[in-house]
Amino acid sequence: MRDVLQAGLSPTRLEITDESALHAGHSAMGHKASGEDVESHFRVVIEAAAFAGLRPLARHRMVNALLKSALETDIHALSLKLLAPGES
Amino acid sequence: MLTEGPVWPLTWNLPMSETLDADVHAFIDKAVKDNPVVLFMKGVPDQPACGFSAVTVQILDQIGVDFAAVNILQSDALRQGIKAYSDWPTIPQLYVKGEFIGGCDIIREMYQSGELKSLFAEQGLLPA
């Protein structure tokens with residue numbers, strides 16, 4: 001995930017936190033058939049010049065597009081904070 | 001002072017027979033066009049099955065807007081269908097006047113900036 005985001009956005013700040021442990025147990029919801037609880041929750045903070053002038057929905061769509069395949073398989077939940085340089 | 005009635009009187013259920021993509025698409029389309037504010041979520045508003053859905057419900061409740069809720073856990077076809085409908089990979093998803101607004105992060109950002117309340121007010125969805 002880090003490599004894809006690095007290559008796609010050339011971010012000036014990139015923080016990825018794996019919060020799966022906080023959600024153990026509940027994330028099996030809706031996936032009981034698989035009998036597993038392996039999906040992961042990530043919190044990601046990205047600061048990139050590419051986000052400047054874009055509304056939140058457009059920023060999120062850029063990241064979603066980059067992570068498309070991972071979102072379909074490995075990532076259960078993703079919390080994004082997407083900033084342009086100078087924003088907080 | 002009397003307590004207000006339930007904020008979410010509406011729960012939409014997908015008929016079990018409707019599992020074709022076209023049926024699911026039509027169901028979603030009708031839900032977002034017939035209701036000014038629709039939240040597709042995991043679980044139901046008074047018992048969300050996921051933290052992100054819970055946060056979104058809390059925000060809508062805090063603002064005091066009426067909304068219809070669709071529990072996407074009722075059907076795998078619906079769960080996949082809503083992702084295709086909006087081209088958005090995660091749940092919850094909020095729609096206002098037929099337009100996709102965003103998921104939990106965006107709703108939270110818009111709530112904190114006051115933008116979400118303004119949006120509802122502009123659309124005439126908040127009590128005067």
# chains A, B, ... in the order shown; residues from 1 in each chain; ligands from 1
>>> residues_around(residues="B:Asp61", least_positions_apart="2", cutoff="12 Å", atoms="only C-alpha atoms", output="list in words")
Glu4, Pro6, Val7, Trp8, Leu39, Pro45, Asp46, Ala54, Val55, Thr56, Val57, Gln58, Ile59, Ile63, Gly64, Val65, Asp66, Phe67, Ala68, Tyr111, Lys117 and Leu126 of chain B
>>> select_by_dssp(residues="stretch 18-124 of chain B", states="helix (DSSP H, G or I)", output="NGL selection string")
:B and (21-34 or 51-63 or 72-74 or 76-86 or 104-113 or 115-122)
>>> write_last_selection(atoms="C-alpha atoms", output="PDB file, in the first residue's frame")
ATOM      1  CA  ASP B  21     -27.648  -6.842 -10.722  1.00  0.00           C
ATOM      2  CA  ALA B  22     -30.325  -4.950 -12.630  1.00  0.00           C
ATOM      3  CA  ASP B  23     -32.879  -5.430  -9.830  1.00  0.00           C
ATOM      4  CA  VAL B  24     -30.419  -4.331  -7.180  1.00  0.00           C
ATOM      5  CA  HIS B  25     -29.469  -1.288  -9.204  1.00  0.00           C
ATOM      6  CA  ALA B  26     -33.142  -0.363  -9.622  1.00  0.00           C
ATOM      7  CA  PHE B  27     -33.760  -0.811  -5.892  1.00  0.00           C
ATOM      8  CA  ILE B  28     -30.824   1.456  -4.987  1.00  0.00           C
ATOM      9  CA  ASP B  29     -31.830   3.993  -7.596  1.00  0.00           C
ATOM     10  CA  LYS B  30     -35.363   4.135  -6.232  1.00  0.00           C
ATOM     11  CA  ALA B  31     -34.145   4.402  -2.634  1.00  0.00           C
ATOM     12  CA  VAL B  32     -31.899   7.405  -3.380  1.00  0.00           C
ATOM     13  CA  LYS B  33     -34.492   9.129  -5.565  1.00  0.00           C
ATOM     14  CA  ASP B  34     -37.518   8.601  -3.328  1.00  0.00           C
ATOM     15  CA  GLY B  51     -18.028   1.734  13.996  1.00  0.00           C
ATOM     16  CA  PHE B  52     -17.957   3.800  10.810  1.00  0.00           C
ATOM     17  CA  SER B  53     -21.694   3.399  10.298  1.00  0.00           C
ATOM     18  CA  ALA B  54     -22.254   4.272  13.951  1.00  0.00           C
ATOM     19  CA  VAL B  55     -20.300   7.526  13.657  1.00  0.00           C
ATOM     20  CA  THR B  56     -22.226   8.541  10.557  1.00  0.00           C
ATOM     21  CA  VAL B  57     -25.575   7.872  12.214  1.00  0.00           C
ATOM     22  CA  GLN B  58     -24.493   9.912  15.245  1.00  0.00           C
ATOM     23  CA  ILE B  59     -23.592  12.859  13.033  1.00  0.00           C
ATOM     24  CA  LEU B  60     -26.916  12.799  11.170  1.00  0.00           C
ATOM     25  CA  ASP B  61     -28.719  12.481  14.489  1.00  0.00           C
ATOM     26  CA  GLN B  62     -26.724  15.379  15.924  1.00  0.00           C
ATOM     27  CA  ILE B  63     -27.665  17.601  12.991  1.00  0.00           C
ATOM     28  CA  ILE B  72     -26.602  -3.552   3.323  1.00  0.00           C
ATOM     29  CA  LEU B  73     -25.905  -6.632   5.454  1.00  0.00           C
ATOM     30  CA  GLN B  74     -29.341  -7.952   4.476  1.00  0.00           C
ATOM     31  CA  ASP B  76     -24.657  -9.679  -0.471  1.00  0.00           C
ATOM     32  CA  ALA B  77     -26.057  -8.509  -3.813  1.00  0.00           C
ATOM     33  CA  LEU B  78     -26.971  -5.200  -2.198  1.00  0.00           C
ATOM     34  CA  ARG B  79     -23.597  -4.922  -0.485  1.00  0.00           C
ATOM     35  CA  GLN B  80     -21.804  -5.319  -3.813  1.00  0.00           C
ATOM     36  CA  GLY B  81     -24.435  -3.353  -5.719  1.00  0.00           C
ATOM     37  CA  ILE B  82     -24.060  -0.178  -3.693  1.00  0.00           C
ATOM     38  CA  LYS B  83     -20.297  -0.183  -4.247  1.00  0.00           C
ATOM     39  CA  ALA B  84     -20.837  -0.426  -7.991  1.00  0.00           C
ATOM     40  CA  TYR B  85     -23.612   2.181  -7.967  1.00  0.00           C
ATOM     41  CA  SER B  86     -21.414   4.908  -6.529  1.00  0.00           C
ATOM     42  CA  CYS B 104     -17.593   8.243   6.979  1.00  0.00           C
ATOM     43  CA  ASP B 105     -14.387  10.314   6.665  1.00  0.00           C
ATOM     44  CA  ILE B 106     -15.942  12.833   4.304  1.00  0.00           C
ATOM     45  CA  ILE B 107     -19.114  13.108   6.360  1.00  0.00           C
ATOM     46  CA  ARG B 108     -17.033  13.718   9.467  1.00  0.00           C
ATOM     47  CA  GLU B 109     -14.919  16.380   7.733  1.00  0.00           C
ATOM     48  CA  MET B 110     -18.010  18.096   6.364  1.00  0.00           C
ATOM     49  CA  TYR B 111     -19.685  17.944   9.766  1.00  0.00           C
ATOM     50  CA  GLN B 112     -16.687  19.487  11.505  1.00  0.00           C
ATOM     51  CA  SER B 113     -16.419  22.286   8.947  1.00  0.00           C
ATOM     52  CA  GLU B 115     -20.460  22.147   5.423  1.00  0.00           C
ATOM     53  CA  LEU B 116     -22.785  19.205   6.018  1.00  0.00           C
ATOM     54  CA  LYS B 117     -25.316  21.193   7.979  1.00  0.00           C
ATOM     55  CA  SER B 118     -25.204  23.932   5.321  1.00  0.00           C
ATOM     56  CA  LEU B 119     -25.860  21.339   2.638  1.00  0.00           C
ATOM     57  CA  PHE B 120     -28.966  20.045   4.431  1.00  0.00           C
ATOM     58  CA  ALA B 121     -30.142  23.586   5.129  1.00  0.00           C
ATOM     59  CA  GLU B 122     -29.711  24.641   1.492  1.00  0.00           C
TER      60      GLU B 122
END
>>> closest_atom_pairs(of="chain A", to="chain B", cutoff="7 Å", atoms="only C-alpha atoms", output="CSV")
residue,atom,partner,partner_atom,distance
A:Gly30,CA,B:Leu73,CA,6.1
A:Pro56,CA,B:Ile106,CA,6.3
A:Leu57,CA,B:Gly102,CA,6.3
A:Leu71,CA,B:Pro89,CA,6.8
A:Ser79,CA,B:Asp105,CA,6.4
A:Leu80,CA,B:Asp105,CA,6.5
>>> write_last_selection(atoms="N, CA, C and O atoms", output="compact mmCIF listing (two decimals), in the first residue's frame")
# COMPACT_ATOMS: atom_id res chain seq x y z
N GLY A 30 -20.71 -9.84 8.77
CA GLY A 30 -21.04 -9.88 7.35
C GLY A 30 -20.16 -10.84 6.57
O GLY A 30 -20.34 -11.05 5.39
N PRO A 56 -13.04 17.07 -0.95
CA PRO A 56 -12.75 15.78 -0.29
C PRO A 56 -13.14 14.56 -1.12
O PRO A 56 -12.37 13.59 -1.21
N LEU A 57 -14.31 14.62 -1.75
CA LEU A 57 -14.76 13.45 -2.51
C LEU A 57 -13.78 13.12 -3.63
O LEU A 57 -13.45 11.96 -3.86
N LEU A 71 -8.39 -2.81 -1.92
CA LEU A 71 -9.67 -2.60 -1.26
C LEU A 71 -10.63 -3.75 -1.53
O LEU A 71 -11.51 -4.04 -0.74
N SER A 79 -9.43 4.49 6.82
CA SER A 79 -9.79 5.83 7.26
C SER A 79 -8.75 6.78 6.69
O SER A 79 -7.56 6.63 6.94
N LEU A 80 -9.20 7.74 5.91
CA LEU A 80 -8.27 8.61 5.19
C LEU A 80 -8.35 10.05 5.66
O LEU A 80 -9.44 10.60 5.82
>>> residues_around(residues="A:Thr12", least_positions_apart="5", cutoff="12 Å", atoms="only C-alpha atoms", output="number ranges by chain")
A: 5-7, 45-51, 82-86
>>> atom_distance(atom1="atom CA of A:Ser20", atom2="atom CA of A:Val44")
12.8 Å
>>> atom_distance(atom1="atom CA of A:Ser40", atom2="atom CA of A:Ala21")
8.5 Å
>>> closest_residue(among="A:Leu9, A:Arg55, A:Ser88, A:Thr17", to="A:Phe42", atoms="only C-alpha atoms")
A:Thr17
>>> residues_around(residues="A:Arg43", least_positions_apart="4", cutoff="9 Å", atoms="only C-alpha atoms", output="list in words")
Glu15, Ile16, Thr17, Asp18, Glu19, Ala77, Leu78, Ser79, Leu80 and Lys81 of chain A
>>> write_last_selection(atoms="C-alpha atoms", output="mmCIF file, in the first residue's frame")
data_model
loop_
_atom_site.group_PDB
_atom_site.id
_atom_site.type_symbol
_atom_site.label_atom_id
_atom_site.label_comp_id
_atom_site.auth_asym_id
_atom_site.auth_seq_id
_atom_site.Cartn_x
_atom_site.Cartn_y
_atom_site.Cartn_z
ATOM 1 C CA GLU A 15 1.530 7.875 7.578
ATOM 2 C CA ILE A 16 -0.020 4.429 7.607
ATOM 3 C CA THR A 17 -1.273 2.965 10.863
ATOM 4 C CA ASP A 18 -2.580 -0.579 11.121
ATOM 5 C CA GLU A 19 -5.490 -0.491 13.545
ATOM 6 C CA ALA A 77 -11.732 -0.480 6.278
ATOM 7 C CA LEU A 78 -9.672 2.532 5.480
ATOM 8 C CA SER A 79 -9.791 5.828 7.263
ATOM 9 C CA LEU A 80 -8.272 8.611 5.186
ATOM 10 C CA LYS A 81 -7.120 12.070 6.052
#
>>> decode(residues="stretch 22-39 of chain B", atoms="N, CA, C and O atoms", output="PDB file, in the first residue's frame")
ATOM      1  N   ALA B  22     -29.400  -5.977 -12.142  1.00  0.00           N
ATOM      2  CA  ALA B  22     -30.325  -4.950 -12.630  1.00  0.00           C
ATOM      3  C   ALA B  22     -31.381  -4.620 -11.581  1.00  0.00           C
ATOM      4  O   ALA B  22     -31.740  -3.460 -11.391  1.00  0.00           O
ATOM      5  N   ASP B  23     -31.875  -5.642 -10.874  1.00  0.00           N
ATOM      6  CA  ASP B  23     -32.879  -5.430  -9.830  1.00  0.00           C
ATOM      7  C   ASP B  23     -32.292  -4.642  -8.675  1.00  0.00           C
ATOM      8  O   ASP B  23     -32.928  -3.744  -8.127  1.00  0.00           O
ATOM      9  N   VAL B  24     -31.073  -4.994  -8.296  1.00  0.00           N
ATOM     10  CA  VAL B  24     -30.419  -4.331  -7.180  1.00  0.00           C
ATOM     11  C   VAL B  24     -30.166  -2.866  -7.533  1.00  0.00           C
ATOM     12  O   VAL B  24     -30.413  -1.968  -6.736  1.00  0.00           O
ATOM     13  N   HIS B  25     -29.720  -2.656  -8.749  1.00  0.00           N
ATOM     14  CA  HIS B  25     -29.469  -1.288  -9.204  1.00  0.00           C
ATOM     15  C   HIS B  25     -30.767  -0.468  -9.157  1.00  0.00           C
ATOM     16  O   HIS B  25     -30.780   0.660  -8.672  1.00  0.00           O
ATOM     17  N   ALA B  26     -31.849  -1.062  -9.613  1.00  0.00           N
ATOM     18  CA  ALA B  26     -33.142  -0.363  -9.622  1.00  0.00           C
ATOM     19  C   ALA B  26     -33.610  -0.065  -8.200  1.00  0.00           C
ATOM     20  O   ALA B  26     -34.141   1.016  -7.922  1.00  0.00           O
ATOM     21  N   PHE B  27     -33.381  -1.003  -7.302  1.00  0.00           N
ATOM     22  CA  PHE B  27     -33.760  -0.811  -5.892  1.00  0.00           C
ATOM     23  C   PHE B  27     -32.985   0.362  -5.283  1.00  0.00           C
ATOM     24  O   PHE B  27     -33.551   1.234  -4.631  1.00  0.00           O
ATOM     25  N   ILE B  28     -31.672   0.382  -5.530  1.00  0.00           N
ATOM     26  CA  ILE B  28     -30.824   1.456  -4.987  1.00  0.00           C
ATOM     27  C   ILE B  28     -31.247   2.794  -5.587  1.00  0.00           C
ATOM     28  O   ILE B  28     -31.397   3.800  -4.883  1.00  0.00           O
ATOM     29  N   ASP B  29     -31.448   2.774  -6.890  1.00  0.00           N
ATOM     30  CA  ASP B  29     -31.830   3.993  -7.596  1.00  0.00           C
ATOM     31  C   ASP B  29     -33.126   4.566  -7.036  1.00  0.00           C
ATOM     32  O   ASP B  29     -33.253   5.766  -6.807  1.00  0.00           O
ATOM     33  N   LYS B  30     -34.079   3.695  -6.774  1.00  0.00           N
ATOM     34  CA  LYS B  30     -35.363   4.135  -6.232  1.00  0.00           C
ATOM     35  C   LYS B  30     -35.179   4.666  -4.806  1.00  0.00           C
ATOM     36  O   LYS B  30     -35.746   5.699  -4.447  1.00  0.00           O
ATOM     37  N   ALA B  31     -34.373   3.970  -4.021  1.00  0.00           N
ATOM     38  CA  ALA B  31     -34.145   4.402  -2.634  1.00  0.00           C
ATOM     39  C   ALA B  31     -33.544   5.810  -2.591  1.00  0.00           C
ATOM     40  O   ALA B  31     -33.974   6.647  -1.801  1.00  0.00           O
ATOM     41  N   VAL B  32     -32.564   6.092  -3.448  1.00  0.00           N
ATOM     42  CA  VAL B  32     -31.899   7.405  -3.380  1.00  0.00           C
ATOM     43  C   VAL B  32     -32.731   8.500  -4.050  1.00  0.00           C
ATOM     44  O   VAL B  32     -32.521   9.671  -3.773  1.00  0.00           O
ATOM     45  N   LYS B  33     -33.664   8.108  -4.912  1.00  0.00           N
ATOM     46  CA  LYS B  33     -34.492   9.129  -5.565  1.00  0.00           C
ATOM     47  C   LYS B  33     -35.779   9.408  -4.809  1.00  0.00           C
ATOM     48  O   LYS B  33     -36.323  10.511  -4.880  1.00  0.00           O
ATOM     49  N   ASP B  34     -36.270   8.415  -4.067  1.00  0.00           N
ATOM     50  CA  ASP B  34     -37.518   8.601  -3.328  1.00  0.00           C
ATOM     51  C   ASP B  34     -37.309   9.258  -1.969  1.00  0.00           C
ATOM     52  O   ASP B  34     -38.252   9.747  -1.358  1.00  0.00           O
ATOM     53  N   ASN B  35     -36.066   9.218  -1.482  1.00  0.00           N
ATOM     54  CA  ASN B  35     -35.789   9.763  -0.153  1.00  0.00           C
ATOM     55  C   ASN B  35     -34.733  10.861  -0.263  1.00  0.00           C
ATOM     56  O   ASN B  35     -33.687  10.641  -0.859  1.00  0.00           O
ATOM     57  N   PRO B  36     -35.004  12.017   0.331  1.00  0.00           N
ATOM     58  CA  PRO B  36     -34.031  13.114   0.217  1.00  0.00           C
ATOM     59  C   PRO B  36     -32.675  12.778   0.848  1.00  0.00           C
ATOM     60  O   PRO B  36     -31.644  13.182   0.348  1.00  0.00           O
ATOM     61  N   VAL B  37     -32.694  12.036   1.941  1.00  0.00           N
ATOM     62  CA  VAL B  37     -31.432  11.652   2.596  1.00  0.00           C
ATOM     63  C   VAL B  37     -31.451  10.146   2.836  1.00  0.00           C
ATOM     64  O   VAL B  37     -32.368   9.631   3.471  1.00  0.00           O
ATOM     65  N   VAL B  38     -30.483   9.449   2.295  1.00  0.00           N
ATOM     66  CA  VAL B  38     -30.422   7.994   2.453  1.00  0.00           C
ATOM     67  C   VAL B  38     -29.024   7.599   2.916  1.00  0.00           C
ATOM     68  O   VAL B  38     -28.024   8.028   2.344  1.00  0.00           O
ATOM     69  N   LEU B  39     -28.987   6.762   3.934  1.00  0.00           N
ATOM     70  CA  LEU B  39     -27.717   6.215   4.401  1.00  0.00           C
ATOM     71  C   LEU B  39     -27.700   4.704   4.177  1.00  0.00           C
ATOM     72  O   LEU B  39     -28.553   3.986   4.702  1.00  0.00           O
TER      73      LEU B  39
END
